[in-house]
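K.L.:
Sharing model-v1.txt here; it has compact mmCIF, C-alpha atoms.
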```
# COMPACT_ATOMS: atom_id res chain seq x y z
CA MET W 1 15.54 -19.06 19.12
CA THR W 2 17.73 -17.57 16.40
CA HIS W 3 17.00 -13.94 15.57
CA PRO W 4 18.02 -11.91 12.53
CA ARG W 5 21.06 -9.68 12.89
CA ARG W 6 19.37 -6.59 11.51
CA ARG W 7 15.82 -5.86 10.39
CA LEU W 8 14.17 -3.27 8.14
CA VAL W 9 10.40 -2.84 8.45
CA ILE W 10 8.57 -0.75 5.84
CA VAL W 11 4.96 0.15 6.63
CA VAL W 12 3.34 0.95 3.31
CA ARG W 13 0.57 0.28 0.80
CA ALA W 14 2.52 -2.46 -0.96
CA ASP W 15 1.78 -4.50 -4.08
CA PRO W 16 -0.69 -5.08 -5.60
CA VAL W 17 -1.61 -1.40 -5.21
CA ILE W 18 -0.65 0.68 -8.25
CA CYS W 19 1.01 3.65 -6.61
CA GLY W 20 4.45 5.17 -6.49
CA HIS W 21 5.34 4.29 -2.93
CA SER W 22 4.42 0.65 -3.52
CA GLY W 23 7.25 0.50 -6.02
CA GLU W 24 9.49 2.54 -3.73
CA ALA W 25 9.01 0.03 -0.93
CA ARG W 26 9.83 -2.91 -3.20
CA ASN W 27 13.02 -1.28 -4.47
CA LEU W 28 14.26 -0.21 -1.03
CA ALA W 29 13.55 -3.70 0.30
CA GLU W 30 15.59 -5.33 -2.44
CA VAL W 31 18.60 -3.05 -1.89
CA ALA W 32 18.39 -3.54 1.90
CA LEU W 33 19.37 -7.19 1.44
CA THR W 34 22.71 -5.99 0.03
CA ARG W 35 23.27 -3.48 2.83
CA GLY W 36 23.43 -5.64 5.95
CA PHE W 37 19.73 -6.31 6.58
CA ASP W 38 19.02 -10.03 6.73
CA ASP W 39 15.31 -9.63 7.51
CA VAL W 40 13.18 -7.17 5.52
CA ARG W 41 9.45 -6.95 6.12
CA LEU W 42 6.72 -5.03 4.37
CA LEU W 43 3.77 -4.48 6.70
CA THR W 44 0.71 -3.75 4.61
CA TRP W 45 -3.01 -4.34 4.26
CA PRO W 46 -4.96 -7.53 3.47
CA ILE W 47 -5.80 -7.77 -0.21
CA PRO W 48 -9.60 -7.89 0.36
CA THR W 49 -9.29 -4.61 2.27
CA LEU W 50 -7.41 -3.01 -0.62
CA GLN W 51 -10.01 -4.29 -3.07
CA ALA W 52 -12.85 -2.95 -0.93
CA ALA W 53 -11.18 0.47 -0.81
CA GLY W 54 -11.44 0.73 -4.59
CA LEU W 55 -7.71 1.26 -5.07
CA PRO W 56 -6.23 0.43 -8.50
CA LEU W 57 -4.56 -2.98 -8.25
CA LYS W 58 -2.14 -4.91 -10.44
CA PRO W 59 -3.19 -8.33 -11.76
CA LEU W 60 -2.78 -10.62 -8.75
CA ASP W 61 -1.57 -13.56 -10.82
CA ARG W 62 1.33 -11.59 -12.32
CA LEU W 63 2.95 -9.87 -9.36
CA LEU W 64 6.73 -9.93 -9.43
CA PRO W 65 8.14 -12.09 -6.61
CA TYR W 66 10.32 -10.60 -3.89
CA SER W 67 13.80 -11.93 -3.17
CA ALA W 68 14.35 -14.40 -0.36
CA GLY W 69 14.72 -12.46 2.87
CA ILE W 70 11.79 -10.14 2.11
CA THR W 71 8.50 -11.00 3.80
CA VAL W 72 5.20 -9.28 3.01
CA GLU W 73 2.91 -9.38 6.05
CA ARG W 74 -0.78 -8.52 5.86
CA PRO W 75 -2.07 -8.68 9.46
CA GLU W 76 -5.76 -9.41 9.81
CA ALA W 77 -8.07 -6.98 11.54
CA VAL W 78 -8.29 -6.93 15.32
CA GLY W 79 -11.77 -6.91 16.83
CA ASP W 80 -15.14 -7.21 15.14
CA TYR W 81 -17.48 -5.17 13.00
CA ARG W 82 -18.29 -2.76 15.83
CA VAL W 83 -14.89 -1.11 15.29
CA PRO W 84 -15.24 -0.44 11.54
CA ASP W 85 -12.22 1.74 10.81
CA GLY W 86 -9.45 0.99 13.27
CA ARG W 87 -9.34 -2.79 13.24
CA HIS W 88 -6.85 -3.21 10.41
CA GLN W 89 -4.65 -0.43 11.73
CA ALA W 90 -4.65 -2.18 15.09
CA GLY W 91 -3.50 -5.34 13.33
CA LEU W 92 -0.55 -3.52 11.76
CA THR W 93 0.40 -1.81 15.01
CA GLY W 94 0.15 -4.98 17.03
CA ARG W 95 2.30 -6.94 14.62
CA LEU W 96 4.97 -4.25 14.65
CA VAL W 97 5.02 -4.34 18.48
CA GLU W 98 5.66 -8.09 18.25
CA LEU W 99 8.61 -7.48 15.92
CA LEU W 100 10.00 -4.71 18.14
CA ALA W 101 9.79 -7.01 21.17
CA GLU W 102 12.48 -9.22 19.61
CA PRO W 103 16.12 -8.31 20.40
CA VAL W 104 16.87 -7.23 16.82
CA PRO W 105 18.23 -3.79 15.82
CA THR W 106 15.44 -2.43 13.64
CA THR W 107 14.91 0.45 11.24
CA CYS W 108 11.26 1.35 10.64
CA LEU W 109 10.38 3.30 7.49
CA SER W 110 6.83 4.55 7.08
CA MET W 111 5.64 5.76 3.70
CA TYR W 112 2.42 7.77 3.53
CA LEU W 113 2.06 9.53 6.84
CA SER W 114 -1.54 8.74 7.64
CA PRO W 115 -1.94 6.09 8.86
CA HIS W 116 1.44 4.38 8.36
CA THR W 117 3.52 6.79 10.44
CA GLU W 118 0.88 6.60 13.14
CA VAL W 119 1.30 2.82 13.15
CA VAL W 120 5.06 3.11 13.67
CA MET W 121 4.88 5.78 16.38
CA ASP W 122 2.12 3.96 18.28
CA ALA W 123 4.01 0.67 18.08
CA VAL W 124 7.30 2.18 19.27
CA ALA W 125 5.57 3.95 22.15
CA ALA W 126 3.76 0.77 23.17
CA ALA W 127 6.92 -1.36 22.97
CA ARG W 128 8.83 1.08 25.15
CA ALA W 129 6.00 1.46 27.65
CA ALA W 130 5.80 -2.33 27.93
CA GLY W 131 9.47 -2.50 28.84
CA PHE W 132 10.71 -4.19 25.65
CA ALA W 133 13.40 -1.51 25.17
CA PRO W 134 13.44 -1.82 21.35
CA ASP W 135 16.61 -0.90 19.49
CA VAL W 136 14.77 1.05 16.80
CA ARG W 137 15.31 4.02 14.50
CA THR W 138 12.31 5.54 12.74
CA VAL W 139 12.18 7.28 9.36
CA ALA W 140 9.00 8.86 7.99
CA LYS W 141 8.74 9.70 4.30
CA ALA W 142 6.09 12.07 3.01
CA VAL W 143 5.41 10.68 -0.45
CA GLY W 144 3.32 13.53 -1.79
CA SER W 145 -0.40 13.06 -1.35
CA ASP W 146 0.22 13.16 2.41
CA VAL W 147 0.52 16.91 1.84
CA THR W 148 -1.52 17.54 -1.29
CA ASN W 149 -4.46 15.52 0.01
CA VAL W 150 -4.41 14.97 3.79
CA ILE W 151 -2.81 18.15 5.15
CA LYS W 152 -4.28 20.48 2.55
CA SER W 153 -7.77 19.09 3.06
CA CYS W 154 -7.36 19.75 6.79
CA LEU W 155 -6.33 23.33 6.08
CA ARG W 156 -9.05 23.85 3.48
CA ASP W 157 -11.75 22.59 5.84
CA GLY W 158 -10.39 24.40 8.90
CA ARG W 159 -9.56 21.13 10.66
CA PHE W 160 -6.37 22.35 12.29
CA GLY W 161 -6.54 19.72 15.01
CA ALA W 162 -6.09 16.91 12.50
CA ALA W 163 -3.23 18.78 10.80
CA THR W 164 -1.59 19.28 14.20
CA VAL W 165 -1.77 15.55 14.92
CA LEU W 166 -0.21 14.74 11.56
CA PHE W 167 2.69 17.17 11.98
CA THR W 168 3.31 16.05 15.56
CA THR W 169 3.44 12.41 14.49
CA PHE W 170 5.66 13.18 11.50
CA LEU W 171 8.19 15.18 13.50
CA ALA W 172 8.31 12.57 16.29
CA ASN W 173 10.38 10.35 13.99
CA ASP W 174 14.15 10.22 14.17
CA GLU W 175 14.38 11.29 10.53
CA VAL W 176 11.81 13.02 8.33
CA VAL W 177 12.00 12.94 4.54
CA ALA W 178 10.08 14.28 1.54
CA VAL W 179 9.83 12.64 -1.88
CA SER W 180 10.83 15.84 -3.72
CA GLU W 181 11.91 19.41 -3.11
CA TYR W 182 8.43 20.51 -4.18
CA THR W 183 6.95 18.28 -1.46
CA ARG W 184 9.41 19.64 1.12
CA GLN W 185 8.37 23.19 0.30
CA GLU W 186 4.69 22.26 0.50
CA ILE W 187 5.28 20.69 3.93
CA VAL W 188 6.91 23.89 5.18
CA ALA W 189 4.17 26.11 3.68
CA SER W 190 1.44 23.96 5.25
CA ALA W 191 3.25 24.02 8.59
CA GLU W 192 3.39 27.82 8.43
CA GLN W 193 -0.40 27.93 8.01
CA VAL W 194 -0.92 25.65 10.99
CA ASP W 195 1.51 27.73 13.05
CA ALA W 196 -0.34 30.94 12.15
CA ARG W 197 -3.65 29.42 13.23
CA CYS W 198 -2.57 27.47 16.29
CA GLY W 199 0.56 29.15 17.61
CA THR W 200 2.59 25.99 17.02
CA ARG W 201 6.21 25.91 15.81
CA PHE W 202 6.13 23.21 13.17
CA ALA W 203 7.49 25.26 10.26
CA GLU W 204 10.87 25.96 11.84
CA GLN W 205 11.34 22.27 12.62
CA CYS W 206 10.31 21.28 9.08
CA ARG W 207 12.68 23.78 7.46
CA ARG W 208 15.54 22.48 9.59
CA ARG W 209 14.86 18.75 9.57
CA VAL W 210 13.04 17.64 6.41
CA THR W 211 15.39 16.34 3.72
CA VAL W 212 14.66 15.10 0.20
CA SER W 213 14.92 11.48 -0.94
CA TYR W 214 13.70 10.89 -4.48
CA PRO W 215 11.81 7.71 -5.40
CA PRO W 216 14.09 4.68 -5.90
CA ILE W 217 13.75 2.96 -9.27
CA ASP W 218 15.06 -0.42 -10.38
CA SER W 219 16.91 0.95 -13.39
CA ALA W 220 17.94 -2.55 -14.52
CA ALA W 221 14.30 -3.31 -15.33
CA PHE W 222 14.21 -0.48 -17.88
CA LEU W 223 17.69 -0.45 -19.43
CA ASP W 224 19.01 -2.50 -22.36
CA LEU W 225 15.64 -3.89 -23.39
CA ASP W 226 15.81 -6.59 -26.05
CA PRO W 227 14.29 -5.14 -29.27
CA ALA W 228 12.80 -8.53 -30.08
CA HIS W 229 10.99 -8.59 -26.73
CA VAL W 230 9.68 -5.07 -27.36
CA ASP W 231 8.34 -6.00 -30.79
CA ALA W 232 6.78 -9.22 -29.50
CA ALA W 233 4.99 -7.42 -26.66
CA LEU W 234 3.65 -4.80 -29.05
CA ALA W 235 2.51 -7.43 -31.55
CA GLN W 236 0.47 -9.16 -28.84
CA ARG W 237 -1.35 -5.86 -28.29
CA GLY W 238 -1.81 -5.14 -32.00
CA LEU W 239 0.67 -2.26 -31.82
CA GLU W 240 3.75 -1.27 -33.78
CA ARG W 241 6.91 0.50 -32.71
CA ASP W 242 6.49 4.31 -32.94
CA GLY W 243 2.87 3.71 -33.85
CA TYR W 244 1.22 5.02 -30.69
CA ILE W 245 1.19 7.77 -28.05
CA LEU W 246 1.35 6.21 -24.61
CA PHE W 247 -0.49 7.36 -21.50
CA LEU W 248 0.55 4.91 -18.76
CA SER W 249 -0.67 6.12 -15.41
CA ARG W 250 -3.68 6.15 -13.14
CA VAL W 251 -6.78 7.16 -15.09
CA THR W 252 -7.83 10.16 -13.03
CA PRO W 253 -8.50 13.84 -13.83
CA ALA W 254 -5.30 15.01 -12.11
CA LYS W 255 -3.22 13.03 -14.62
CA GLY W 256 -4.67 15.10 -17.48
CA ILE W 257 -6.45 12.23 -19.19
CA TYR W 258 -9.42 14.36 -20.25
CA GLU W 259 -7.15 16.98 -21.81
CA LEU W 260 -5.16 14.28 -23.59
CA LEU W 261 -8.26 12.65 -25.02
CA ALA W 262 -9.56 16.03 -26.23
CA ALA W 263 -6.17 16.92 -27.69
CA PHE W 264 -5.93 13.61 -29.52
CA GLY W 265 -9.12 14.50 -31.37
CA GLU W 266 -7.37 17.64 -32.68
CA MET W 267 -3.97 16.13 -33.53
CA ARG W 268 -2.75 15.95 -37.12
CA CYS W 269 -0.75 12.85 -36.19
CA ARG W 270 -3.80 10.77 -35.18
CA SER W 271 -3.89 9.28 -38.66
CA ARG W 272 -0.38 7.93 -38.06
CA VAL W 273 -0.47 6.95 -34.37
CA LYS W 274 -2.97 5.54 -31.91
CA LEU W 275 -3.53 6.70 -28.35
CA VAL W 276 -2.90 3.92 -25.84
CA VAL W 277 -4.42 4.49 -22.39
CA ALA W 278 -2.72 1.97 -20.09
CA GLY W 279 -3.99 1.85 -16.54
CA THR W 280 -7.04 1.87 -14.32
CA GLY W 281 -8.58 4.51 -12.16
CA PRO W 282 -11.77 6.22 -11.01
CA VAL W 283 -12.69 7.80 -14.38
CA LEU W 284 -11.72 4.89 -16.62
CA GLU W 285 -15.29 4.00 -17.58
CA HIS W 286 -16.15 7.63 -18.28
CA VAL W 287 -13.10 8.00 -20.51
CA ARG W 288 -14.01 4.76 -22.30
CA ALA W 289 -17.48 6.15 -22.97
CA MET W 290 -16.03 9.39 -24.32
CA ALA W 291 -13.78 7.46 -26.71
CA GLU W 292 -16.48 5.02 -27.83
CA GLY W 293 -16.47 4.66 -31.58
CA ASP W 294 -12.91 5.96 -31.99
CA ASP W 295 -10.87 2.96 -33.10
CA ARG W 296 -7.67 5.02 -32.73
CA VAL W 297 -7.95 4.91 -28.92
CA VAL W 298 -6.84 1.67 -27.24
CA PHE W 299 -7.39 0.82 -23.56
CA LEU W 300 -5.11 -1.59 -21.67
CA THR W 301 -6.13 -2.35 -18.10
CA ASP W 302 -3.91 -5.36 -17.35
CA VAL W 303 -0.36 -4.11 -17.98
CA ASP W 304 2.06 -5.73 -15.52
CA ASP W 305 5.53 -4.70 -14.38
CA HIS W 306 7.20 -6.82 -17.07
CA GLU W 307 5.24 -5.30 -19.96
CA LYS W 308 5.41 -1.68 -18.76
CA PRO W 309 8.99 -0.88 -19.88
CA LEU W 310 8.39 -2.59 -23.22
CA LEU W 311 5.39 -0.38 -23.94
CA MET W 312 7.40 2.66 -22.90
CA ARG W 313 10.29 1.73 -25.16
CA GLY W 314 8.12 1.25 -28.22
CA CYS W 315 6.02 4.42 -28.13
CA ALA W 316 6.35 7.41 -30.46
CA ALA W 317 5.73 9.72 -27.48
CA TYR W 318 4.78 9.42 -23.83
CA ALA W 319 2.22 11.96 -22.63
CA LEU W 320 1.49 12.75 -18.97
CA PRO W 321 -0.25 16.16 -19.02
CA THR W 322 -0.75 16.16 -15.26
CA LYS W 323 -2.46 19.16 -13.67
CA PRO W 324 -3.06 20.36 -10.08
CA GLU W 325 -6.33 19.29 -8.49
CA PRO W 326 -7.63 20.04 -4.97
CA ASP W 327 -7.06 16.44 -3.88
CA PHE W 328 -3.85 15.66 -5.79
CA VAL W 329 -0.77 17.32 -7.27
CA GLU W 330 1.97 15.35 -9.03
CA THR W 331 4.72 15.66 -6.45
CA PHE W 332 7.36 13.88 -8.56
CA GLY W 333 6.17 11.56 -11.33
CA ILE W 334 7.81 8.15 -11.00
CA ALA W 335 6.42 7.00 -14.34
CA LEU W 336 8.25 9.89 -16.00
CA ALA W 337 11.59 8.74 -14.62
CA GLU W 338 10.87 5.13 -15.56
CA LYS W 339 10.05 6.20 -19.11
CA MET W 340 13.32 8.16 -19.29
CA LEU W 341 15.24 5.00 -18.41
CA ALA W 342 13.34 2.85 -20.90
CA GLY W 343 14.00 5.13 -23.85
CA GLY W 344 11.68 5.41 -26.80
CA GLY W 345 9.85 8.53 -27.91
CA PRO W 346 10.06 11.89 -26.10
CA ILE W 347 8.07 12.80 -23.00
CA ILE W 348 5.40 15.51 -23.07
CA THR W 349 4.41 16.74 -19.61
CA THR W 350 3.65 19.90 -17.61
CA ARG W 351 5.20 22.12 -14.93
CA THR W 352 3.02 20.64 -12.22
CA GLY W 353 4.35 20.03 -8.73
CA GLY W 354 7.64 18.15 -8.86
CA THR W 355 7.57 16.99 -12.48
CA LEU W 356 10.49 19.19 -13.50
CA GLU W 357 12.59 17.53 -10.77
CA ALA W 358 11.83 14.22 -12.47
CA VAL W 359 12.49 15.24 -16.09
CA GLY W 360 15.00 18.09 -15.77
CA ASP W 361 15.42 19.69 -19.19
CA THR W 362 14.83 16.47 -21.14
CA ALA W 363 11.08 16.68 -21.87
CA VAL W 364 8.71 18.77 -23.97
CA ILE W 365 6.77 20.99 -21.58
CA VAL W 366 3.24 22.31 -22.10
CA GLU W 367 0.99 24.34 -19.84
CA ALA W 368 -1.33 22.26 -17.66
CA GLY W 369 -4.86 22.23 -19.05
CA ASP W 370 -3.87 23.64 -22.46
CA VAL W 371 -5.54 21.24 -24.92
CA ALA W 372 -4.45 23.07 -28.06
CA GLY W 373 -0.88 23.37 -26.78
CA LEU W 374 -0.82 19.68 -25.93
CA ALA W 375 -2.05 18.71 -29.40
CA ALA W 376 0.57 20.94 -31.03
CA ALA W 377 3.36 19.53 -28.85
CA VAL W 378 2.52 15.92 -29.68
CA ASP W 379 2.23 16.77 -33.38
CA ARG W 380 5.67 18.37 -33.29
CA VAL W 381 7.21 15.36 -31.54
CA VAL W 382 5.60 12.78 -33.84
CA LEU W 383 5.63 14.59 -37.17
CA ASP W 384 8.34 17.26 -37.11
CA MET W 385 11.06 16.36 -34.61
CA SER W 386 14.23 15.09 -36.25
CA ALA W 387 15.73 11.72 -35.41
CA ALA W 388 18.82 13.47 -34.04
CA GLU W 389 16.76 15.64 -31.68
CA ARG W 390 14.75 12.63 -30.50
CA GLN W 391 17.95 10.70 -29.86
CA ASP W 392 19.50 13.62 -27.95
CA LEU W 393 16.46 13.87 -25.68
CA GLU W 394 16.50 10.11 -25.10
CA HIS W 395 20.19 10.01 -24.13
CA ARG W 396 20.01 13.04 -21.83
CA ALA W 397 16.82 11.76 -20.23
CA ARG W 398 18.38 8.39 -19.42
CA ALA W 399 21.48 10.01 -17.91
CA HIS W 400 19.30 12.26 -15.73
CA ALA W 401 17.06 9.40 -14.59
CA MET W 402 20.02 7.29 -13.45
CA SER W 403 20.28 9.55 -10.40
CA PHE W 404 17.07 7.86 -9.21
CA ASP W 405 18.53 4.35 -9.32
CA ARG W 406 17.40 2.44 -6.24
CA VAL W 407 20.91 1.71 -4.95
CA ALA W 408 21.93 5.38 -4.99
CA VAL W 409 18.65 6.43 -3.38
CA PHE W 410 18.90 3.77 -0.66
CA ASP W 411 22.45 4.77 0.22
CA GLY W 412 21.39 8.41 0.45
CA LEU W 413 18.41 7.57 2.65
CA PHE W 414 20.34 5.16 4.89
CA PRO W 415 23.97 6.35 4.65
CA GLN W 416 25.05 4.50 7.79
CA GLU W 417 24.04 1.19 6.18
CA ALA W 418 26.07 2.00 3.06
CA ALA W 419 29.08 2.84 5.25
CA ALA W 420 28.69 -0.43 7.13
CA VAL W 421 29.23 -2.42 3.92
CA GLY W 422 32.07 -0.23 2.72
CA ILE W 423 30.21 1.95 0.20
CA ARG W 424 31.45 5.50 -0.16
```
Do you think you could lay out the structure here as structure tokens?

P.N.:
Amino acid sequence: MTHPRRRLVIVVRADPVICGHSGEARNLAEVALTRGFDDVRLLTWPIPTLQAAGLPLKPLDRLLPYSAGITVERPEAVGDYRVPDGRHQAGLTGRLVELLAEPVPTTCLSMYLSPHTEVVMDAVAAARAAGFAPDVRTVAKAVGSDVTNVIKSCLRDGRFGAATVLFTTFLANDEVVAVSEYTRQEIVASAEQVDARCGTRFAEQCRRRVTVSYPPIDSAAFLDLDPAHVDAALAQRGLERDGYILFLSRVTPAKGIYELLAAFGEMRCRSRVKLVVAGTGPVLEHVRAMAEGDDRVVFLTDVDDHEKPLLMRGCAAYALPTKPEPDFVETFGIALAEKMLAGGGPIITTRTGGTLEAVGDTAVIVEAGDVAGLAAAVDRVVLDMSAAERQDLEHRARAHAMSFDRVAVFDGLFPQEAAAVGIR
């Protein structure tokens, strides 16, 4: 049997899920093929399971294909209905053990700590206990809601045992990474709370070991867009260049969609521009009902990866007035960085979580939850900002966002692979 020379396994919620780390996994996988890995695998969940979970999904018939050498595996559940929650996780773990049993040097990256890091650690432990002696290096990346949702909910509810398990599993990896400096600081702060309650020593390890690796973005998909393609895409949607404010994100309270809809009702510019809400999410139907009868609000629920940069490029302004919620804080804002690469109108966002790491000093900033301030900011961008100021913001934003290009991020996350192919 012929085995690959080197394998990268990423355990993640992959496409078709609309989430930041789905895109991260795709971009890291593509770069891995240029960095000495001849077998790249995404271990993820069966599509019916994702649909049953109620996660926002991309249109299944328009998913971008992966390059040859990248395999998406969706192991079926193990066992029957009497094990309702662990069957699919057992399928992932078991498949990873099978891969680790092969004599192939392997790097395992888990994104979203619970349960993906658990899958990797359980599989590595099982492979070693079985005598397979896997040649494996493990990397765990906390992508944001690991901390803002899972760990913080444990702390809020007094469930320190669950938080202890998560930190123990995280720190058992060879390398531990956070998606932003904000996320790294939140990990340390949460570890300090667990230490104070349990007498553990997680915080010192997190301060010393956790590094930052920003989300990798395929910059080529957003740069040098053909103006004719932009205009054609807008025409199909009944839109015109600079004729709309774009909200392209998950439709959920933490993204500030309610504040944006309220602010749009107060904006002077609403007679000139529409509000385009592009995305799906748990409050989509409620937001639709609130906007019923307002023909200046347009909803797009089927935007794919090809159309996304075109919509970004053509907008008069891009608004993501994200705000902190108990179950979610914007720990970076990948859509912000993508919009910066695409160009088009200025970004209006807030100082929430890691958003300033994403936009630097190239966006218009408003206070989270400030409806009047948001309306005034959009009016200034659309009605009062000079062409020279808009162009300056666009150029500086694109230069800043290039630091998140997927090749640079991959080489920072896996520097030994970059060195192996002669990259310095």

K.L.:
Of the candidates W:Arg208, W:Lys255, W:Arg128, W:His116, which one gets nearest to Glu98 (chain W) if we count all atoms listed in the file?

P.N.:
W:Arg128

K.L.:
Applying 6 Å and all atoms listed in the file, which residues near region 135-142 of chain W remain after dropping the ones on its own chain fewer than 5 positions away? List them as a list in words.

P.N.:
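My reading of the contact set: Pro105, Thr106, Thr107, Cys108, Leu109, Ser110, Met111, Tyr112, Asn173, Asp174, Glu175, Val176, Val177 and Ala178 of chain W.
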
K.L.:
Could you list, with a cut-off of 12 Å and counting only C-alpha atoms, the residues of region 220-255 of chain W near region 275-282 of chain W, each shown with its nearest atom pair and the distance in Å rounded to one decimal, rows sorted by chain and ascending number, as a Markdown table?

P.N.:
```
| residue | atom | partner | partner_atom | distance |
| --- | --- | --- | --- | --- |
| W:Leu234 | CA | W:Val276 | CA | 11.4 |
| W:Arg237 | CA | W:Val276 | CA | 10.2 |
| W:Gly238 | CA | W:Val276 | CA | 11.0 |
| W:Leu239 | CA | W:Val276 | CA | 9.3 |
| W:Glu240 | CA | W:Val276 | CA | 11.6 |
| W:Asp242 | CA | W:Leu275 | CA | 11.3 |
| W:Gly243 | CA | W:Leu275 | CA | 9.0 |
| W:Tyr244 | CA | W:Leu275 | CA | 5.6 |
| W:Ile245 | CA | W:Leu275 | CA | 4.8 |
| W:Leu246 | CA | W:Val276 | CA | 5.0 |
| W:Phe247 | CA | W:Val277 | CA | 4.9 |
| W:Leu248 | CA | W:Ala278 | CA | 4.6 |
| W:Ser249 | CA | W:Gly279 | CA | 5.5 |
| W:Arg250 | CA | W:Gly281 | CA | 5.3 |
| W:Val251 | CA | W:Gly281 | CA | 4.3 |
| W:Thr252 | CA | W:Gly281 | CA | 5.8 |
| W:Pro253 | CA | W:Pro282 | CA | 8.8 |
| W:Ala254 | CA | W:Pro282 | CA | 11.0 |
| W:Lys255 | CA | W:Gly281 | CA | 10.4 |
```

K.L.:
What is the distance between CA of Phe170 (chain W) and CA of Glu73 (chain W), in Å to one decimal?

P.N.:
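According to the coordinates, CA of Phe170 (chain W) and CA of Glu73 (chain W) are separated by 23.4 Å.
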
K.L.:
I'd like the interatomic distance between CA of Thr362 (chain W) and CA of Ala189 (chain W), to a tenth of an Å.

P.N.:
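Separation of CA of Thr362 (chain W) and CA of Ala189 (chain W): 28.7 Å.
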
K.L.:
Around the point (14.9, 2.3, -6.6) (coordinates from the file), which residues reach within 8 Å if we count all atoms listed in the file? Answer as a list in words.

P.N.:
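The answer, in the requested form, is Gly23, Glu24, Asn27, Leu28, Pro215, Pro216, Ile217, Asp218, Ser219, Phe404, Asp405, Arg406, Val407, Ala408, Val409 and Phe410 of chain W.
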
K.L.:
Rounded to one decimal place, report the CA of Leu96 (chain W)-CA of Pro59 (chain W) distance in Å.

P.N.:
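CA of Pro59 (chain W) lies at a distance of 27.9 Å from CA of Leu96 (chain W).
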
K.L.:
Mind checking which residues fall within 12 Å of Gln193 (chain W), counting all atoms listed in the file, ignoring those fewer than 5 positions away in the same chain, and posting them as a PyMOL selection string?

P.N.:
chain W and resi 151-152+154-156+158-160+163-164+167+186-188+198-203

K.L.:
Just need the box for region 128-139 of chain W, edges along x, y and z, holding every atom the file lists for it with 8 Å tacked onto each side, so centre and edge lengths in Å to one decimal, as JSON.

P.N.:
```
{"center_x": 11.2, "center_y": 1.5, "center_z": 19.1, "size_x": 26.8, "size_y": 27.5, "size_z": 35.5}
```

K.L.:
So that I can check the surroundings of Arg396 (chain W), please list as a ChimeraX atom specification every protein, DNA and RNA residue that reaches within 10 Å of it, counting all atoms listed in the file and ignoring chain neighbours fewer than 4 positions away.

P.N.:
/W:340-341,359-363,391-392,400-401

K.L.:
My list of candidates is W:Val287, W:Leu42, W:Leu320, W:Val230. Which is closest to Ala368 (chain W) when distances are computed with only C-alpha atoms?

P.N.:
W:Leu320

K.L.:
Got a sec: who's within 7 Å of region 46-50 of chain W, counting only C-alpha atoms, leaving out chain neighbours fewer than 4 positions off, as a list in words?

P.N.:
Gly54, Leu55, Arg74, Pro75 and Glu76 of chain W

K.L.:
Taking all atoms listed in the file into account, name the residue in W:Lys308, W:Phe414, W:Ala291, W:Arg390 that is nearest to Ala262 (chain W).

P.N.:
W:Ala291

K.L.:
Got a sec: who's within 12 Å of Leu100 (chain W), counting all atoms listed in the file, leaving out chain neighbours fewer than 5 positions off, as a PDB file with C-alpha atoms, in the coordinates of the input?

P.N.:
```
ATOM      1  CA  HIS W   3      17.000 -13.940  15.570  1.00  0.00           C
ATOM      2  CA  ARG W   6      19.370  -6.590  11.510  1.00  0.00           C
ATOM      3  CA  ARG W   7      15.820  -5.860  10.390  1.00  0.00           C
ATOM      4  CA  LEU W   8      14.170  -3.270   8.140  1.00  0.00           C
ATOM      5  CA  VAL W   9      10.400  -2.840   8.450  1.00  0.00           C
ATOM      6  CA  THR W  93       0.400  -1.810  15.010  1.00  0.00           C
ATOM      7  CA  GLY W  94       0.150  -4.980  17.030  1.00  0.00           C
ATOM      8  CA  ARG W  95       2.300  -6.940  14.620  1.00  0.00           C
ATOM      9  CA  PRO W 105      18.230  -3.790  15.820  1.00  0.00           C
ATOM     10  CA  THR W 106      15.440  -2.430  13.640  1.00  0.00           C
ATOM     11  CA  THR W 107      14.910   0.450  11.240  1.00  0.00           C
ATOM     12  CA  CYS W 108      11.260   1.350  10.640  1.00  0.00           C
ATOM     13  CA  VAL W 120       5.060   3.110  13.670  1.00  0.00           C
ATOM     14  CA  MET W 121       4.880   5.780  16.380  1.00  0.00           C
ATOM     15  CA  ASP W 122       2.120   3.960  18.280  1.00  0.00           C
ATOM     16  CA  ALA W 123       4.010   0.670  18.080  1.00  0.00           C
ATOM     17  CA  VAL W 124       7.300   2.180  19.270  1.00  0.00           C
ATOM     18  CA  ALA W 125       5.570   3.950  22.150  1.00  0.00           C
ATOM     19  CA  ALA W 126       3.760   0.770  23.170  1.00  0.00           C
ATOM     20  CA  ALA W 127       6.920  -1.360  22.970  1.00  0.00           C
ATOM     21  CA  ARG W 128       8.830   1.080  25.150  1.00  0.00           C
ATOM     22  CA  ALA W 130       5.800  -2.330  27.930  1.00  0.00           C
ATOM     23  CA  GLY W 131       9.470  -2.500  28.840  1.00  0.00           C
ATOM     24  CA  PHE W 132      10.710  -4.190  25.650  1.00  0.00           C
ATOM     25  CA  ALA W 133      13.400  -1.510  25.170  1.00  0.00           C
ATOM     26  CA  PRO W 134      13.440  -1.820  21.350  1.00  0.00           C
ATOM     27  CA  ASP W 135      16.610  -0.900  19.490  1.00  0.00           C
ATOM     28  CA  VAL W 136      14.770   1.050  16.800  1.00  0.00           C
ATOM     29  CA  ARG W 137      15.310   4.020  14.500  1.00  0.00           C
ATOM     30  CA  THR W 138      12.310   5.540  12.740  1.00  0.00           C
TER      31      THR W 138
END
```

K.L.:
With distances taken over only C-alpha atoms, which residue among W:Gly86, W:Gly343, W:Pro326, W:Gly412 lies nearest Ser153 (chain W)?

P.N.:
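Nearest to Ser153 (chain W): W:Pro326.
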